[in-house]
$ cat final.cif   # mmCIF, N, CA and C atoms and all ligand atoms; chains and numbers go by the auth columns
data_run
loop_
_atom_site.group_PDB
_atom_site.id
_atom_site.type_symbol
_atom_site.label_atom_id
_atom_site.label_comp_id
_atom_site.label_asym_id
_atom_site.label_seq_id
_atom_site.Cartn_x
_atom_site.Cartn_y
_atom_site.Cartn_z
_atom_site.B_iso_or_equiv
_atom_site.auth_seq_id
_atom_site.auth_asym_id
ATOM 1 N N MET A 1 0.838 -1.198 0.000 0.00 1 L
ATOM 2 C CA MET A 1 0.000 0.000 0.000 0.00 1 L
ATOM 3 C C MET A 1 0.878 1.255 0.000 0.00 1 L
ATOM 4 N N PRO A 2 0.580 2.156 -0.871 0.00 2 L
ATOM 5 C CA PRO A 2 1.388 3.382 -0.935 0.00 2 L
ATOM 6 C C PRO A 2 1.009 4.387 0.142 0.00 2 L
ATOM 7 N N ILE A 3 1.740 4.351 1.201 0.00 3 L
ATOM 8 C CA ILE A 3 1.503 5.333 2.255 0.00 3 L
ATOM 9 C C ILE A 3 2.557 6.421 2.140 0.00 3 L
ATOM 10 N N TYR A 4 2.103 7.628 2.011 0.00 4 L
ATOM 11 C CA TYR A 4 3.032 8.736 1.862 0.00 4 L
ATOM 12 C C TYR A 4 2.934 9.673 3.048 0.00 4 L
ATOM 13 N N GLU A 5 3.978 10.385 3.251 0.00 5 L
ATOM 14 C CA GLU A 5 4.000 11.350 4.330 0.00 5 L
ATOM 15 C C GLU A 5 3.809 12.748 3.754 0.00 5 L
ATOM 16 N N PHE A 6 2.975 13.499 4.401 0.00 6 L
ATOM 17 C CA PHE A 6 2.694 14.849 3.939 0.00 6 L
ATOM 18 C C PHE A 6 2.909 15.850 5.056 0.00 6 L
ATOM 19 N N HIS A 7 3.103 17.070 4.614 0.00 7 L
ATOM 20 C CA HIS A 7 3.250 18.154 5.573 0.00 7 L
ATOM 21 C C HIS A 7 2.176 19.189 5.290 0.00 7 L
ATOM 22 N N CYS A 8 1.425 19.513 6.309 0.00 8 L
ATOM 23 C CA CYS A 8 0.372 20.506 6.146 0.00 8 L
ATOM 24 C C CYS A 8 0.972 21.901 6.188 0.00 8 L
ATOM 25 N N ASN A 9 0.682 22.685 5.144 0.00 9 L
ATOM 26 C CA ASN A 9 1.227 24.038 5.101 0.00 9 L
ATOM 27 C C ASN A 9 0.424 24.992 5.967 0.00 9 L
ATOM 28 N N LYS A 10 -0.713 24.505 6.407 0.00 10 L
ATOM 29 C CA LYS A 10 -1.590 25.388 7.160 0.00 10 L
ATOM 30 C C LYS A 10 -1.310 25.306 8.660 0.00 10 L
ATOM 31 N N CYS A 11 -1.292 24.101 9.163 0.00 11 L
ATOM 32 C CA CYS A 11 -1.097 23.960 10.602 0.00 11 L
ATOM 33 C C CYS A 11 0.261 23.346 10.942 0.00 11 L
ATOM 34 N N ASP A 12 1.082 23.150 9.902 0.00 12 L
ATOM 35 C CA ASP A 12 2.452 22.716 10.145 0.00 12 L
ATOM 36 C C ASP A 12 2.558 21.323 10.733 0.00 12 L
ATOM 37 N N GLN A 13 1.653 20.506 10.365 0.00 13 L
ATOM 38 C CA GLN A 13 1.636 19.163 10.931 0.00 13 L
ATOM 39 C C GLN A 13 2.025 18.134 9.885 0.00 13 L
ATOM 40 N N ASP A 14 2.805 17.162 10.306 0.00 14 L
ATOM 41 C CA ASP A 14 3.138 16.057 9.414 0.00 14 L
ATOM 42 C C ASP A 14 2.173 14.910 9.650 0.00 14 L
ATOM 43 N N PHE A 15 1.803 14.272 8.587 0.00 15 L
ATOM 44 C CA PHE A 15 0.891 13.146 8.735 0.00 15 L
ATOM 45 C C PHE A 15 1.098 12.168 7.597 0.00 15 L
ATOM 46 N N GLU A 16 0.643 10.954 7.815 0.00 16 L
ATOM 47 C CA GLU A 16 0.740 9.950 6.774 0.00 16 L
ATOM 48 C C GLU A 16 -0.609 9.788 6.113 0.00 16 L
ATOM 49 N N TYR A 17 -0.572 9.536 4.832 0.00 17 L
ATOM 50 C CA TYR A 17 -1.822 9.405 4.112 0.00 17 L
ATOM 51 C C TYR A 17 -1.721 8.257 3.117 0.00 17 L
ATOM 52 N N LEU A 18 -2.717 7.433 3.132 0.00 18 L
ATOM 53 C CA LEU A 18 -2.751 6.307 2.214 0.00 18 L
ATOM 54 C C LEU A 18 -3.431 6.731 0.922 0.00 18 L
ATOM 55 N N ILE A 19 -2.655 6.740 -0.144 0.00 19 L
ATOM 56 C CA ILE A 19 -3.181 7.189 -1.428 0.00 19 L
ATOM 57 C C ILE A 19 -3.899 6.051 -2.140 0.00 19 L
ATOM 58 N N LEU A 20 -5.155 6.293 -2.420 0.00 20 L
ATOM 59 C CA LEU A 20 -5.924 5.309 -3.176 0.00 20 L
ATOM 60 C C LEU A 20 -6.408 5.968 -4.460 0.00 20 L
ATOM 61 N N GLY A 21 -5.930 5.474 -5.578 0.00 21 L
ATOM 62 C CA GLY A 21 -6.323 6.055 -6.843 0.00 21 L
ATOM 63 C C GLY A 21 -5.911 7.509 -6.933 0.00 21 L
ATOM 64 N N SER A 22 -6.860 8.359 -7.252 0.00 22 L
ATOM 65 C CA SER A 22 -6.547 9.779 -7.406 0.00 22 L
ATOM 66 C C SER A 22 -6.954 10.563 -6.168 0.00 22 L
ATOM 67 N N ASP A 23 -6.972 9.885 -5.074 0.00 23 L
ATOM 68 C CA ASP A 23 -7.318 10.513 -3.812 0.00 23 L
ATOM 69 C C ASP A 23 -6.432 11.722 -3.527 0.00 23 L
ATOM 70 N N LYS A 24 -7.042 12.757 -3.045 0.00 24 L
ATOM 71 C CA LYS A 24 -6.277 13.934 -2.654 0.00 24 L
ATOM 72 C C LYS A 24 -6.075 13.910 -1.142 0.00 24 L
ATOM 73 N N PRO A 25 -4.852 14.072 -0.744 0.00 25 L
ATOM 74 C CA PRO A 25 -4.577 14.047 0.690 0.00 25 L
ATOM 75 C C PRO A 25 -5.104 15.273 1.409 0.00 25 L
ATOM 76 N N GLU A 26 -5.571 15.020 2.592 0.00 26 L
ATOM 77 C CA GLU A 26 -6.015 16.120 3.439 0.00 26 L
ATOM 78 C C GLU A 26 -5.304 16.031 4.767 0.00 26 L
ATOM 79 N N CYS A 27 -5.081 17.153 5.356 0.00 27 L
ATOM 80 C CA CYS A 27 -4.458 17.168 6.664 0.00 27 L
ATOM 81 C C CYS A 27 -5.341 16.440 7.666 0.00 27 L
ATOM 82 N N SER A 28 -4.686 15.644 8.489 0.00 28 L
ATOM 83 C CA SER A 28 -5.452 14.839 9.431 0.00 28 L
ATOM 84 C C SER A 28 -5.985 15.663 10.589 0.00 28 L
ATOM 85 N N SER A 29 -5.456 16.826 10.777 0.00 29 L
ATOM 86 C CA SER A 29 -5.930 17.603 11.919 0.00 29 L
ATOM 87 C C SER A 29 -6.761 18.819 11.541 0.00 29 L
ATOM 88 N N CYS A 30 -6.487 19.426 10.390 0.00 30 L
ATOM 89 C CA CYS A 30 -7.289 20.598 10.034 0.00 30 L
ATOM 90 C C CYS A 30 -8.028 20.416 8.714 0.00 30 L
ATOM 91 N N SER A 31 -7.850 19.241 8.098 0.00 31 L
ATOM 92 C CA SER A 31 -8.556 18.894 6.856 0.00 31 L
ATOM 93 C C SER A 31 -8.227 19.819 5.693 0.00 31 L
ATOM 94 N N SER A 32 -7.142 20.511 5.801 0.00 32 L
ATOM 95 C CA SER A 32 -6.733 21.376 4.707 0.00 32 L
ATOM 96 C C SER A 32 -6.158 20.556 3.563 0.00 32 L
ATOM 97 N N GLY A 33 -6.401 21.012 2.345 0.00 33 L
ATOM 98 C CA GLY A 33 -5.820 20.324 1.198 0.00 33 L
ATOM 99 C C GLY A 33 -4.492 20.926 0.815 0.00 33 L
ATOM 100 N N ASP A 34 -4.082 21.927 1.547 0.00 34 L
ATOM 101 C CA ASP A 34 -2.831 22.612 1.255 0.00 34 L
ATOM 102 C C ASP A 34 -1.673 21.881 1.909 0.00 34 L
ATOM 103 N N VAL A 35 -1.294 20.790 1.283 0.00 35 L
ATOM 104 C CA VAL A 35 -0.260 19.949 1.870 0.00 35 L
ATOM 105 C C VAL A 35 0.828 19.695 0.854 0.00 35 L
ATOM 106 N N SER A 36 2.002 19.414 1.318 0.00 36 L
ATOM 107 C CA SER A 36 3.080 19.040 0.411 0.00 36 L
ATOM 108 C C SER A 36 3.612 17.665 0.770 0.00 36 L
ATOM 109 N N LYS A 37 3.975 16.956 -0.268 0.00 37 L
ATOM 110 C CA LYS A 37 4.421 15.590 -0.081 0.00 37 L
ATOM 111 C C LYS A 37 5.859 15.557 0.416 0.00 37 L
ATOM 112 N N LEU A 38 6.088 14.693 1.363 0.00 38 L
ATOM 113 C CA LEU A 38 7.443 14.535 1.872 0.00 38 L
ATOM 114 C C LEU A 38 8.051 13.267 1.312 0.00 38 L
ATOM 115 N N ILE A 39 9.341 13.339 1.109 0.00 39 L
ATOM 116 C CA ILE A 39 10.053 12.123 0.754 0.00 39 L
ATOM 117 C C ILE A 39 10.380 11.407 2.045 0.00 39 L
ATOM 118 N N SER A 40 9.769 10.280 2.226 0.00 40 L
ATOM 119 C CA SER A 40 9.984 9.588 3.491 0.00 40 L
ATOM 120 C C SER A 40 10.423 8.160 3.244 0.00 40 L
ATOM 121 N N ALA A 41 11.016 7.625 4.219 0.00 41 L
ATOM 122 C CA ALA A 41 11.371 6.219 4.136 0.00 41 L
ATOM 123 C C ALA A 41 10.091 5.398 4.143 0.00 41 L
ATOM 124 N N CYS A 42 10.192 4.225 3.640 0.00 42 L
ATOM 125 C CA CYS A 42 9.040 3.360 3.637 0.00 42 L
ATOM 126 C C CYS A 42 8.532 3.179 5.060 0.00 42 L
ATOM 127 N N SER A 43 7.274 3.444 5.244 0.00 43 L
ATOM 128 C CA SER A 43 6.728 3.223 6.575 0.00 43 L
ATOM 129 C C SER A 43 6.453 1.741 6.755 0.00 43 L
ATOM 130 N N TYR A 44 6.606 1.058 5.671 0.00 44 L
ATOM 131 C CA TYR A 44 6.404 -0.377 5.720 0.00 44 L
ATOM 132 C C TYR A 44 7.741 -1.077 5.927 0.00 44 L
ATOM 133 N N VAL A 45 8.018 -1.472 7.099 0.00 45 L
ATOM 134 C CA VAL A 45 9.219 -2.252 7.317 0.00 45 L
ATOM 135 C C VAL A 45 8.804 -3.699 7.499 0.00 45 L
ATOM 136 N N SER A 46 9.194 -4.494 6.552 0.00 46 L
ATOM 137 C CA SER A 46 8.758 -5.872 6.611 0.00 46 L
ATOM 138 C C SER A 46 9.459 -6.611 7.738 0.00 46 L
ATOM 139 N N SER A 47 8.677 -7.354 8.482 0.00 47 L
ATOM 140 C CA SER A 47 9.250 -8.082 9.602 0.00 47 L
ATOM 141 C C SER A 47 9.528 -9.529 9.220 0.00 47 L
ATOM 142 N N GLY A 48 9.179 -9.842 7.979 0.00 48 L
ATOM 143 C CA GLY A 48 9.289 -11.236 7.580 0.00 48 L
ATOM 144 C C GLY A 48 10.687 -11.676 7.191 0.00 48 L
ATOM 145 N N SER A 49 11.469 -10.761 6.650 0.00 49 L
ATOM 146 C CA SER A 49 12.740 -11.168 6.101 0.00 49 L
ATOM 147 C C SER A 49 13.874 -11.175 7.129 0.00 49 L
ATOM 148 N N GLY A 50 13.521 -10.979 8.347 0.00 50 L
ATOM 149 C CA GLY A 50 14.512 -11.069 9.391 0.00 50 L
ATOM 150 C C GLY A 50 15.551 -9.978 9.342 0.00 50 L
ATOM 151 N N GLY A 51 16.434 -9.981 10.280 0.00 51 L
ATOM 152 C CA GLY A 51 17.476 -8.985 10.286 0.00 51 L
ATOM 153 C C GLY A 51 16.899 -7.603 10.499 0.00 51 L
ATOM 154 N N GLY A 52 17.288 -6.712 9.662 0.00 52 L
ATOM 155 C CA GLY A 52 16.787 -5.357 9.766 0.00 52 L
ATOM 156 C C GLY A 52 17.733 -4.458 9.024 0.00 52 L
ATOM 157 N N GLY A 53 17.209 -3.739 8.071 0.00 53 L
ATOM 158 C CA GLY A 53 18.060 -2.904 7.270 0.00 53 L
ATOM 159 C C GLY A 53 18.881 -3.745 6.327 0.00 53 L
ATOM 160 N N GLY A 54 19.864 -3.117 5.715 0.00 54 L
ATOM 161 C CA GLY A 54 20.690 -3.839 4.768 0.00 54 L
ATOM 162 C C GLY A 54 19.873 -4.293 3.580 0.00 54 L
ATOM 163 N N GLY A 55 20.051 -5.479 3.194 0.00 55 L
ATOM 164 C CA GLY A 55 19.304 -6.010 2.068 0.00 55 L
ATOM 165 C C GLY A 55 19.915 -5.618 0.741 0.00 55 L
ATOM 166 N N ALA A 56 21.057 -5.004 0.772 0.00 56 L
ATOM 167 C CA ALA A 56 21.679 -4.564 -0.468 0.00 56 L
ATOM 168 C C ALA A 56 22.120 -5.749 -1.306 0.00 56 L
ATOM 169 N N SER A 57 22.434 -6.827 -0.639 0.00 57 L
ATOM 170 C CA SER A 57 22.957 -7.972 -1.352 0.00 57 L
ATOM 171 C C SER A 57 21.867 -8.968 -1.738 0.00 57 L
ATOM 172 N N SER A 58 20.681 -8.708 -1.284 0.00 58 L
ATOM 173 C CA SER A 58 19.632 -9.692 -1.495 0.00 58 L
ATOM 174 C C SER A 58 18.903 -9.533 -2.820 0.00 58 L
ATOM 175 N N SER A 59 18.697 -10.579 -3.438 0.00 59 L
ATOM 176 C CA SER A 59 17.869 -10.758 -4.632 0.00 59 L
ATOM 177 C C SER A 59 17.759 -9.573 -5.578 0.00 59 L
ATOM 178 N N ALA A 60 16.551 -9.257 -5.891 0.00 60 L
ATOM 179 C CA ALA A 60 16.282 -8.342 -6.984 0.00 60 L
ATOM 180 C C ALA A 60 16.652 -6.907 -6.660 0.00 60 L
ATOM 181 N N SER A 61 17.295 -6.270 -7.598 0.00 61 L
ATOM 182 C CA SER A 61 17.604 -4.866 -7.427 0.00 61 L
ATOM 183 C C SER A 61 16.444 -4.018 -7.922 0.00 61 L
ATOM 184 N N SER A 62 15.472 -4.679 -8.528 0.00 62 L
ATOM 185 C CA SER A 62 14.355 -3.936 -9.076 0.00 62 L
ATOM 186 C C SER A 62 13.302 -3.639 -8.025 0.00 62 L
ATOM 187 N N SER A 63 13.389 -4.317 -6.902 0.00 63 L
ATOM 188 C CA SER A 63 12.403 -4.047 -5.873 0.00 63 L
ATOM 189 C C SER A 63 13.053 -3.395 -4.668 0.00 63 L
ATOM 190 N N CYS A 64 12.266 -2.611 -4.006 0.00 64 L
ATOM 191 C CA CYS A 64 12.763 -1.863 -2.873 0.00 64 L
ATOM 192 C C CYS A 64 13.129 -2.790 -1.721 0.00 64 L
ATOM 193 N N GLY A 65 14.236 -2.545 -1.084 0.00 65 L
ATOM 194 C CA GLY A 65 14.669 -3.398 0.011 0.00 65 L
ATOM 195 C C GLY A 65 13.865 -3.180 1.276 0.00 65 L
ATOM 196 N N GLY A 66 13.314 -1.985 1.422 0.00 66 L
ATOM 197 C CA GLY A 66 12.613 -1.658 2.651 0.00 66 L
ATOM 198 C C GLY A 66 11.156 -2.011 2.628 0.00 66 L
ATOM 199 N N CYS A 67 10.616 -2.182 1.454 0.00 67 L
ATOM 200 C CA CYS A 67 9.193 -2.509 1.375 0.00 67 L
ATOM 201 C C CYS A 67 8.957 -3.387 0.149 0.00 67 L
ATOM 202 N N SER A 68 7.747 -3.794 -0.041 0.00 68 L
ATOM 203 C CA SER A 68 7.461 -4.704 -1.139 0.00 68 L
ATOM 204 C C SER A 68 7.097 -3.967 -2.419 0.00 68 L
ATOM 205 N N ALA A 69 7.085 -2.665 -2.370 0.00 69 L
ATOM 206 C CA ALA A 69 6.745 -1.908 -3.557 0.00 69 L
ATOM 207 C C ALA A 69 7.861 -1.989 -4.582 0.00 69 L
ATOM 208 N N SER A 70 7.505 -1.887 -5.829 0.00 70 L
ATOM 209 C CA SER A 70 8.513 -1.954 -6.868 0.00 70 L
ATOM 210 C C SER A 70 9.187 -0.608 -7.063 0.00 70 L
ATOM 211 N N SER A 71 8.562 0.435 -6.585 0.00 71 L
ATOM 212 C CA SER A 71 9.215 1.721 -6.629 0.00 71 L
ATOM 213 C C SER A 71 8.911 2.495 -5.368 0.00 71 L
ATOM 214 N N CYS A 72 9.953 3.007 -4.788 0.00 72 L
ATOM 215 C CA CYS A 72 9.778 3.721 -3.546 0.00 72 L
ATOM 216 C C CYS A 72 10.729 4.896 -3.523 0.00 72 L
ATOM 217 N N ALA A 73 10.198 6.073 -3.517 0.00 73 L
ATOM 218 C CA ALA A 73 11.039 7.259 -3.562 0.00 73 L
ATOM 219 C C ALA A 73 11.902 7.360 -2.312 0.00 73 L
ATOM 220 N N GLY A 74 11.368 6.909 -1.220 0.00 74 L
ATOM 221 C CA GLY A 74 12.078 7.037 0.032 0.00 74 L
ATOM 222 C C GLY A 74 13.317 6.181 0.114 0.00 74 L
ATOM 223 N N CYS A 75 13.261 5.059 -0.559 0.00 75 L
ATOM 224 C CA CYS A 75 14.389 4.143 -0.505 0.00 75 L
ATOM 225 C C CYS A 75 15.306 4.313 -1.709 0.00 75 L
ATOM 226 N N GLY A 76 15.009 5.264 -2.536 0.00 76 L
ATOM 227 C CA GLY A 76 15.884 5.568 -3.639 0.00 76 L
ATOM 228 C C GLY A 76 15.747 4.656 -4.834 0.00 76 L
ATOM 229 N N HIS A 77 14.673 3.926 -4.919 0.00 77 L
ATOM 230 C CA HIS A 77 14.462 3.074 -6.072 0.00 77 L
ATOM 231 C C HIS A 77 13.361 3.618 -6.979 0.00 77 L
HETATM 232 ZN ZN ZN B . -3.334 20.980 8.902 0.00 101 L
#

$ encode --input "final.cif" --output "structure tokens"
Amino acid sequence: MPIYEFHCNKCDQDFEYLILGSDKPECSSCSSGDVSKLISACSYVSSGSGGGGGGASSSASSSCGGCSASSCAGCGH
């Protein structure tokens, strides 16, 4: 699931928002649409693959090491 982090320009609050389709993010506290997207690390840290972090040497370079998404701005892929 693509969860992105946003910053509200109105009340200065950071919040996470799950983007579904063409959904427009709204501030979770003031409901303002005046928000900017933050580049954040994947909020999805998989607990299945053991260890923690790293993953540079593992399998596919086409998929993000921090999450199961095929593209993740936060992880640089
Ligand atoms: Zn706000």

$ residues_near_ligand --input "final.cif" --ligand "ligand ZN 101 (chain L)" --cutoff "7 Å" --atoms "only C-alpha atoms and all ligand atoms" --output "number ranges by chain"
L: 8-13, 27-32

$ residues_around --input "final.cif" --residues "Lys37 (chain L)" --least-positions-apart "5" --cutoff "8 Å" --atoms "only N, CA and C atoms" --output "list in words"
Tyr4, Glu5, Phe6, His7 and Cys8 of chain L

$ atom_distance --input "final.cif" --atom1 "atom C of Tyr17 (chain L)" --atom2 "CA of Pro2 (chain L)"
7.1 Å

$ atom_distance --input "final.cif" --atom1 "atom N of Lys24 (chain L)" --atom2 "atom N of Ile3 (chain L)"
12.9 Å
